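K.L.:
Could you have a look at this structure, given as structure tokens, before my questions?
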Amino acid sequence: MNLEILTPEKKLYSGEVYGVQMPGISGSFEVLEKHAPLISALKAGRVKVLKDKQNNVVNFDIQSGFVEVLNNKVTVLVEGAVPVE
């Protein structure tokens with residue numbers, strides 16, 4: 001599935017991923033391939049990008065925002081985010 005992480009200033013991440021874990025306002029959740037359509041608010045926290053099934057991950061600390069899941073594409077729109085090493 002395709003993932004994009006966007007802030008008002010720039011595109012932070014774009015590419016094919018296995019899954020993504022996000023901090024929803026009611027609790028953390030994970031989206032995998034062929035997930036049902038979804039729109040959710042996100043709270044400040046950590047987004048964990050699962051690049052493949054071999055546990056290659058990329059983390060981002062985000063401010064609040066929203067996520068849309070539609071047609072195997074995940075779009076994360078946040079006020080601000082920084083990659084975590």
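Following the order of the structure tokens, chains are lettered A, B, ..., residues in each are numbered from 1, and ligands are numbered from 1.
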May I have the residues within 6 Å of segment 72-76 of chain A as JSON, numbers by chain, using only C-alpha atoms and disregarding those fewer than 4 positions away in the same chain?

P.N.:
{"A": [1, 2, 3, 4, 5, 34, 66, 67, 68]}

K.L.:
Can I get the selection written as a CSV table (one decimal), in the first residue's frame, with N, CA and C atoms?

P.N.:
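Written output follows (out.csv):
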```
chain,number,residue,atom,x,y,z
A,1,MET,N,0.8,-1.2,0.0
A,1,MET,CA,0.0,0.0,0.0
A,1,MET,C,0.9,1.2,0.0
A,2,ASN,N,0.3,2.3,-0.4
A,2,ASN,CA,1.1,3.6,-0.5
A,2,ASN,C,0.8,4.5,0.7
A,3,LEU,N,1.9,5.1,1.2
A,3,LEU,CA,1.8,6.0,2.4
A,3,LEU,C,2.4,7.3,2.0
A,4,GLU,N,1.7,8.4,2.4
A,4,GLU,CA,2.2,9.7,2.3
A,4,GLU,C,2.0,10.4,3.7
A,5,ILE,N,3.0,11.1,4.2
A,5,ILE,CA,3.0,11.9,5.4
A,5,ILE,C,3.2,13.3,5.0
A,34,LYS,N,-5.1,-3.3,2.1
A,34,LYS,CA,-6.5,-3.6,1.8
A,34,LYS,C,-7.4,-3.3,3.0
A,66,PHE,N,-4.8,14.4,10.9
A,66,PHE,CA,-5.8,13.5,10.4
A,66,PHE,C,-5.2,12.4,9.5
A,67,VAL,N,-5.9,11.3,9.3
A,67,VAL,CA,-5.4,10.3,8.4
A,67,VAL,C,-6.6,9.8,7.6
A,68,GLU,N,-6.4,9.6,6.3
A,68,GLU,CA,-7.4,9.0,5.4
A,68,GLU,C,-6.9,7.8,4.8
```

K.L.:
Give me the residues near Leu77 of chain A as an MDAnalysis selection string, where near means some atom within 12 Å (using only C-alpha atoms) and where sequence neighbours in that chain fewer than 2 positions away do not count.

P.N.:
chainID A and resid 3:13 22 39:43 47 62:69 74:75 79:81

K.L.:
Write out as a ChimeraX atom specification each polymer residue whose atoms come within 10 Å of Val49 of chain A, counting only C-alpha atoms; drop sequence neighbours fewer than 6 positions from it.

P.N.:
/A:3,13,17-22,30-31,55-60

K.L.:
Generate the output file for the selected residues, C-alpha atoms, as a short mmCIF file (atom, residue, chain, number, x, y, z; two decimals), in the first residue's frame.

P.N.:
```cif
data_model
loop_
_atom_site.label_atom_id
_atom_site.label_comp_id
_atom_site.auth_asym_id
_atom_site.auth_seq_id
_atom_site.Cartn_x
_atom_site.Cartn_y
_atom_site.Cartn_z
CA LEU A 3 1.76 5.98 2.37
CA TYR A 13 7.42 10.50 3.46
CA VAL A 17 4.83 0.21 2.97
CA TYR A 18 3.62 -2.97 4.67
CA GLY A 19 1.69 -1.11 7.39
CA VAL A 20 1.55 1.96 9.61
CA GLN A 21 0.79 2.42 13.33
CA MET A 22 -0.71 5.75 14.41
CA GLU A 30 -2.65 -0.01 12.78
CA VAL A 31 -3.49 0.01 9.08
CA ASN A 55 10.70 -5.22 10.75
CA ASN A 56 12.38 -2.39 8.82
CA VAL A 57 10.72 0.64 10.41
CA VAL A 58 10.81 4.43 10.21
CA ASN A 59 9.39 6.53 13.06
CA PHE A 60 8.00 10.07 13.04
#
```
